[in-house]
>>> print(open('start09.tsv').read())   # TSV, C-alpha atoms
chain	number	residue	atom	x	y	z
A	843	MET	CA	48.67	138.57	98.46
A	844	THR	CA	49.50	139.65	94.95
A	845	THR	CA	47.14	140.43	92.12
A	846	THR	CA	47.69	139.48	88.54
A	847	GLY	CA	45.58	142.29	87.18
A	848	HIS	CA	42.79	139.87	86.30
A	849	GLU	CA	41.09	139.62	89.68
A	850	PRO	CA	38.49	142.29	90.42
A	851	THR	CA	39.39	144.60	93.28
A	852	HIS	CA	35.68	145.27	94.03
A	853	ASP	CA	32.79	142.92	94.43
A	854	THR	CA	31.42	143.36	90.91
A	855	THR	CA	28.55	140.98	91.56
A	856	ALA	CA	27.21	143.20	94.37
A	857	ILE	CA	27.69	146.33	92.27
A	858	ALA	CA	25.87	144.81	89.28
A	859	ALA	CA	23.02	143.68	91.51
A	860	SER	CA	22.64	147.15	93.00
A	861	VAL	CA	22.55	148.76	89.55
A	862	THR	CA	20.00	146.37	88.08
A	863	ALA	CA	17.83	145.82	91.16
A	864	PRO	CA	14.43	147.48	90.80
A	865	MET	CA	13.54	150.26	93.20
A	866	THR	CA	11.18	149.18	95.92
A	867	PRO	CA	7.79	150.73	95.14
A	868	PRO	CA	6.13	152.73	97.89
A	869	ASP	CA	3.80	150.81	100.15
A	870	PRO	CA	0.28	151.43	98.78
A	871	ALA	CA	-1.02	151.57	102.34
A	872	THR	CA	1.31	154.42	103.38
A	873	THR	CA	-0.34	157.70	104.27
A	874	TYR	CA	1.87	160.78	104.15
A	875	TRP	CA	1.02	163.85	106.19
A	876	THR	CA	2.12	167.38	106.93
A	877	ARG	CA	0.78	170.49	108.59
A	878	LEU	CA	0.49	173.91	106.99
A	879	ASP	CA	-0.24	177.18	108.77
A	880	SER	CA	-3.17	179.11	107.31
A	881	PRO	CA	-5.62	181.86	108.18
A	882	LEU	CA	-8.01	179.06	109.20
A	883	GLY	CA	-5.53	177.58	111.66
A	884	PRO	CA	-3.13	174.70	111.07
A	885	LEU	CA	-4.23	172.53	108.16
A	886	LEU	CA	-3.60	168.78	108.29
A	887	LEU	CA	-2.92	167.43	104.80
A	888	THR	CA	-2.66	163.76	103.85
A	889	ALA	CA	-1.58	162.15	100.60
A	890	ASP	CA	-1.27	158.71	99.10
A	891	PRO	CA	2.08	157.24	97.94
A	892	ASP	CA	1.57	158.76	94.48
A	893	GLY	CA	1.37	162.24	96.03
A	894	ALA	CA	-2.36	162.73	95.43
A	895	LEU	CA	-4.04	164.75	98.17
A	896	THR	CA	-6.44	162.53	100.14
A	897	SER	CA	-7.61	164.93	102.84
A	898	LEU	CA	-7.35	168.45	104.18
A	899	SER	CA	-8.65	168.99	107.72
A	900	VAL	CA	-8.85	171.91	110.12
A	901	PRO	CA	-8.70	171.76	113.94
A	902	GLY	CA	-12.01	170.78	115.49
A	903	GLN	CA	-13.48	169.72	112.16
A	904	LYS	CA	-16.47	167.43	112.37
A	905	GLY	CA	-15.21	164.14	110.88
A	906	GLY	CA	-11.71	165.59	110.38
A	907	ARG	CA	-8.66	163.39	110.34
A	908	THR	CA	-6.06	163.06	113.06
A	909	VAL	CA	-2.49	161.85	112.66
A	910	GLN	CA	-2.16	158.09	113.10
A	911	ALA	CA	0.92	156.27	114.40
A	912	ASP	CA	1.56	154.45	111.12
A	913	TRP	CA	1.45	157.60	108.97
A	914	ARG	CA	4.69	159.00	107.57
A	915	HIS	CA	5.47	162.68	108.20
A	916	ASP	CA	6.97	164.05	105.00
A	917	ALA	CA	6.39	167.51	103.50
A	918	GLY	CA	7.73	166.41	100.09
A	919	PRO	CA	4.46	165.20	98.55
A	920	PHE	CA	2.76	168.47	99.52
A	921	ARG	CA	4.93	171.10	97.82
A	922	ALA	CA	2.36	171.92	95.09
A	923	ALA	CA	-0.53	171.90	97.58
A	924	GLU	CA	1.37	174.21	99.93
A	925	GLU	CA	2.20	176.62	97.10
A	926	GLN	CA	-1.37	176.67	95.80
A	927	LEU	CA	-2.96	177.02	99.24
A	928	ARG	CA	-0.69	179.96	100.09
A	929	ALA	CA	-1.62	181.63	96.77
A	930	TYR	CA	-5.34	180.94	97.42
A	931	PHE	CA	-5.23	182.51	100.89
A	932	ALA	CA	-3.34	185.50	99.43
A	933	GLY	CA	-6.20	185.97	96.93
A	934	GLU	CA	-3.95	185.07	93.98
A	935	LEU	CA	-5.38	181.65	93.05
A	936	LYS	CA	-8.96	180.87	92.08
A	937	GLU	CA	-8.74	177.25	90.98
A	938	PHE	CA	-6.68	174.43	92.45
A	939	GLU	CA	-4.83	172.12	90.08
A	940	LEU	CA	-3.78	169.25	92.29
A	941	PRO	CA	-3.99	165.48	92.01
A	942	LEU	CA	-6.78	164.36	94.35
A	943	HIS	CA	-7.69	160.88	95.52
A	944	THR	CA	-10.77	160.37	97.65
A	945	SER	CA	-12.79	157.29	98.28
A	946	GLY	CA	-16.46	157.38	99.03
A	947	THR	CA	-19.66	155.80	97.89
A	948	ALA	CA	-20.65	156.37	94.27
A	949	PHE	CA	-23.24	158.89	95.49
A	950	ARG	CA	-20.69	160.85	97.54
A	951	GLU	CA	-18.20	160.85	94.65
A	952	ARG	CA	-20.90	162.34	92.38
A	953	VAL	CA	-21.68	165.03	94.94
A	954	TRP	CA	-17.99	165.82	95.42
A	955	ALA	CA	-17.48	166.04	91.65
A	956	ALA	CA	-20.39	168.51	91.51
A	957	LEU	CA	-18.70	170.62	94.20
A	958	ASP	CA	-15.65	170.86	91.96
A	959	THR	CA	-17.78	172.68	89.35
A	960	VAL	CA	-18.85	175.52	91.66
A	961	PRO	CA	-16.70	178.48	90.56
A	962	TYR	CA	-14.63	180.72	92.80
A	963	GLY	CA	-16.66	183.63	94.13
A	964	ALA	CA	-19.99	181.90	93.51
A	965	THR	CA	-22.35	179.98	95.76
A	966	THR	CA	-24.88	177.27	95.13
A	967	THR	CA	-27.50	175.46	97.19
A	968	TYR	CA	-27.92	171.89	98.32
A	969	GLY	CA	-30.93	171.60	96.01
A	970	GLU	CA	-28.87	172.81	93.04
A	971	ILE	CA	-26.18	170.23	93.79
A	972	ALA	CA	-28.87	167.54	93.96
A	973	ALA	CA	-30.18	168.67	90.56
A	974	ARG	CA	-26.65	168.67	89.07
A	975	ILE	CA	-26.20	165.02	89.94
A	976	GLY	CA	-29.69	164.02	88.84
A	977	ALA	CA	-30.99	163.38	92.35
A	978	SER	CA	-34.52	164.24	93.43
A	979	ARG	CA	-35.42	167.12	95.72
A	980	ALA	CA	-36.02	164.47	98.37
A	981	ALA	CA	-32.29	163.65	98.22
A	982	VAL	CA	-31.25	167.09	99.48
A	983	ARG	CA	-30.59	165.73	102.98
A	984	ALA	CA	-28.38	162.98	101.56
A	985	VAL	CA	-26.56	165.59	99.45
A	986	GLY	CA	-25.98	167.60	102.63
A	987	GLY	CA	-24.54	164.51	104.32
A	988	ALA	CA	-22.17	163.89	101.41
A	989	ILE	CA	-21.07	167.53	101.42
A	990	GLY	CA	-20.49	167.35	105.17
A	991	ALA	CA	-18.30	164.29	104.64
A	992	ASN	CA	-16.07	166.05	102.07
A	993	PRO	CA	-12.51	165.07	103.06
A	994	LEU	CA	-10.88	167.96	101.16
A	995	LEU	CA	-11.98	171.21	102.79
A	996	VAL	CA	-10.98	174.38	100.93
A	997	VAL	CA	-9.64	172.50	97.90
A	998	ARG	CA	-13.01	170.92	97.14
A	999	PRO	CA	-15.23	173.95	97.79
A	1000	CYS	CA	-18.03	172.70	100.01
A	1001	HIS	CA	-17.91	176.14	101.69
A	1002	ARG	CA	-19.63	177.50	98.56
A	1003	VAL	CA	-22.85	175.59	99.32
A	1004	ILE	CA	-25.45	177.63	101.20
A	1005	GLY	CA	-29.08	177.22	102.21
A	1006	ALA	CA	-31.90	177.80	99.72
A	1007	ASP	CA	-32.78	181.00	101.64
A	1008	GLY	CA	-29.21	182.29	101.32
A	1009	SER	CA	-28.25	181.39	104.90
A	1010	LEU	CA	-24.79	180.07	105.73
A	1011	THR	CA	-25.80	176.62	106.86
A	1012	GLY	CA	-23.53	173.90	108.23
A	1013	TYR	CA	-19.85	173.53	107.49
A	1014	ALA	CA	-17.71	170.74	108.95
A	1015	GLY	CA	-14.93	173.26	109.61
A	1016	GLY	CA	-17.26	175.68	111.43
A	1017	LEU	CA	-19.38	178.58	110.20
A	1018	GLU	CA	-16.69	181.13	111.11
A	1019	ARG	CA	-14.28	179.45	108.67
A	1020	LYS	CA	-17.00	179.22	106.01
A	1021	THR	CA	-17.62	182.95	106.39
A	1022	ARG	CA	-13.88	183.68	106.07
A	1023	LEU	CA	-13.56	181.58	102.92
A	1024	LEU	CA	-16.61	183.12	101.26
A	1025	GLY	CA	-15.38	186.58	102.28
A	1026	LEU	CA	-11.96	185.89	100.77
A	1027	GLU	CA	-13.65	184.86	97.52
A	1028	GLY	CA	-15.94	187.90	97.50
A	1029	ALA	CA	-19.05	185.71	97.64
A	1030	LEU	CA	-20.66	187.44	100.62
A	1031	ALA	CA	-23.01	190.38	100.14
A	1032	SER	CA	-21.76	193.46	101.96
>>> encode(input="start09.tsv", output="structure tokens")
Amino acid sequence: MTTTGHEPTHDTTAIAASVTAPMTPPDPATTYWTRLDSPLGPLLLTADPDGALTSLSVPGQKGGRTVQADWRHDAGPFRAAEEQLRAYFAGELKEFELPLHTSGTAFRERVWAALDTVPYGATTTYGEIAARIGASRAAVRAVGGAIGANPLLVVRPCHRVIGADGSLTGYAGGLERKTRLLGLEGALAS
């Protein structure tokens, strides 16, 4: 077979299609996950396809997440979270700056947003969180339930919430971990 110089030697139609074809967007139902070693034990982190952190769980956590068969193991979406968590545990970071995406009832979302305002090294009470969101004193139990359902341990500082009498009350990750976190932040009286 001879060529006259006018026939393409490559399939230009296929090449043009591959250049102009849009990238396939990530599946919005995909959950990415990774594990990160920490002083609290291995942390399980999950993220949505946009890379926003959706959960951070510790082993044995009440209501914590476990890896599901359809999740995708990929450390890529967690680079910033890993860097910031390491700095936090080294005592070098006081405020996380990560994209977060949680889904809860409107009440829970208000409680979780209030948790985000509790500064490093400080503590607050369940009653104070209720007041911050405009809930009555009678709602303290519901506030406690919302705090206990926080899907982002450490990053969203539910460990900074203590009892009205100053006691270290419940923590989904266990009171020993709560004590460690408050100790790291200098929030425990010596």
>>> closest_residue(input="start09.tsv", among="A:Tyr962, A:Leu898, A:Ala1014, A:Glu970", to="A:Tyr930", atoms="all atoms listed in the file")
A:Tyr962
>>> atom_distance(input="start09.tsv", atom1="atom CA of A:Pro891", atom2="atom CA of A:Leu878")
19.0 Å
>>> closest_residue(input="start09.tsv", among="A:Ala929, A:Val985, A:Ala1029, A:Leu935", to="A:Ala955", atoms="only C-alpha atoms")
A:Val985
>>> atom_distance(input="start09.tsv", atom1="atom CA of A:Gly883", atom2="atom CA of A:Gly1025")
16.3 Å
>>> atom_distance(input="start09.tsv", atom1="atom CA of A:Ala991", atom2="atom CA of A:Ala871")
21.6 Å
>>> closest_residue(input="start09.tsv", among="A:Gly893, A:Gly976, A:Pro884, A:Gly1012", to="A:Arg921", atoms="only C-alpha atoms")
A:Gly893
>>> residues_near_point(input="start09.tsv", point="(-7.3, 164.0, 100.6)", cutoff="7 Å", atoms="all atoms listed in the file", output="JSON, numbers by chain")
{"A": [887, 888, 889, 895, 896, 897, 898, 942, 943, 944, 993, 994]}
>>> closest_residue(input="start09.tsv", among="A:Ile975, A:Ile1004, A:Tyr1013, A:Leu882", to="A:Ala948", atoms="only C-alpha atoms")
A:Ile975
>>> closest_residue(input="start09.tsv", among="A:Ile989, A:Gln910, A:Glu951, A:Leu885", to="A:Thr873", atoms="only C-alpha atoms")
A:Gln910
>>> axis_aligned_box(input="start09.tsv", around="stretch 1009-1026 of chain A", padding_each_side="4 Å", output="JSON")
{"center_x": -20.1, "center_y": 178.7, "center_z": 106.1, "size_x": 24.3, "size_y": 23.8, "size_z": 18.7}
>>> residues_around(input="start09.tsv", residues="A:Gly969", least_positions_apart="5", cutoff="12 Å", atoms="all atoms listed in the file", output="list in words")
Val953, Ala956, Arg974, Ile975, Gly976, Ala977, Ser978, Arg979, Ala980, Ala981, Val982, Arg983, Ala984, Val985, Gly986, Ile989, Val1003, Ile1004, Gly1005, Ala1006 and Asp1007 of chain A
>>> write_last_selection(input="start09.tsv", atoms="C-alpha atoms", output="PDB file, keeping the file's coordinate frame")
ATOM      1  CA  VAL A 953     -21.680 165.030  94.940  1.00  0.00           C
ATOM      2  CA  ALA A 956     -20.390 168.510  91.510  1.00  0.00           C
ATOM      3  CA  ARG A 974     -26.650 168.670  89.070  1.00  0.00           C
ATOM      4  CA  ILE A 975     -26.200 165.020  89.940  1.00  0.00           C
ATOM      5  CA  GLY A 976     -29.690 164.020  88.840  1.00  0.00           C
ATOM      6  CA  ALA A 977     -30.990 163.380  92.350  1.00  0.00           C
ATOM      7  CA  SER A 978     -34.520 164.240  93.430  1.00  0.00           C
ATOM      8  CA  ARG A 979     -35.420 167.120  95.720  1.00  0.00           C
ATOM      9  CA  ALA A 980     -36.020 164.470  98.370  1.00  0.00           C
ATOM     10  CA  ALA A 981     -32.290 163.650  98.220  1.00  0.00           C
ATOM     11  CA  VAL A 982     -31.250 167.090  99.480  1.00  0.00           C
ATOM     12  CA  ARG A 983     -30.590 165.730 102.980  1.00  0.00           C
ATOM     13  CA  ALA A 984     -28.380 162.980 101.560  1.00  0.00           C
ATOM     14  CA  VAL A 985     -26.560 165.590  99.450  1.00  0.00           C
ATOM     15  CA  GLY A 986     -25.980 167.600 102.630  1.00  0.00           C
ATOM     16  CA  ILE A 989     -21.070 167.530 101.420  1.00  0.00           C
ATOM     17  CA  VAL A1003     -22.850 175.590  99.320  1.00  0.00           C
ATOM     18  CA  ILE A1004     -25.450 177.630 101.200  1.00  0.00           C
ATOM     19  CA  GLY A1005     -29.080 177.220 102.210  1.00  0.00           C
ATOM     20  CA  ALA A1006     -31.900 177.800  99.720  1.00  0.00           C
ATOM     21  CA  ASP A1007     -32.780 181.000 101.640  1.00  0.00           C
TER      22      ASP A1007
END
>>> closest_residue(input="start09.tsv", among="A:Gly990, A:Gly1008, A:Gly1016, A:Pro941", to="A:Gly905", atoms="all atoms listed in the file")
A:Gly990
>>> residues_near_point(input="start09.tsv", point="(0.1, 172.2, 90.4)", cutoff="10 Å", atoms="all atoms listed in the file", output="number ranges by chain")
A: 921-926, 938-941
>>> residues_around(input="start09.tsv", residues="A:His915", least_positions_apart="6", cutoff="7 Å", atoms="all atoms listed in the file", output="list in words")
Tyr874, Trp875 and Thr876 of chain A
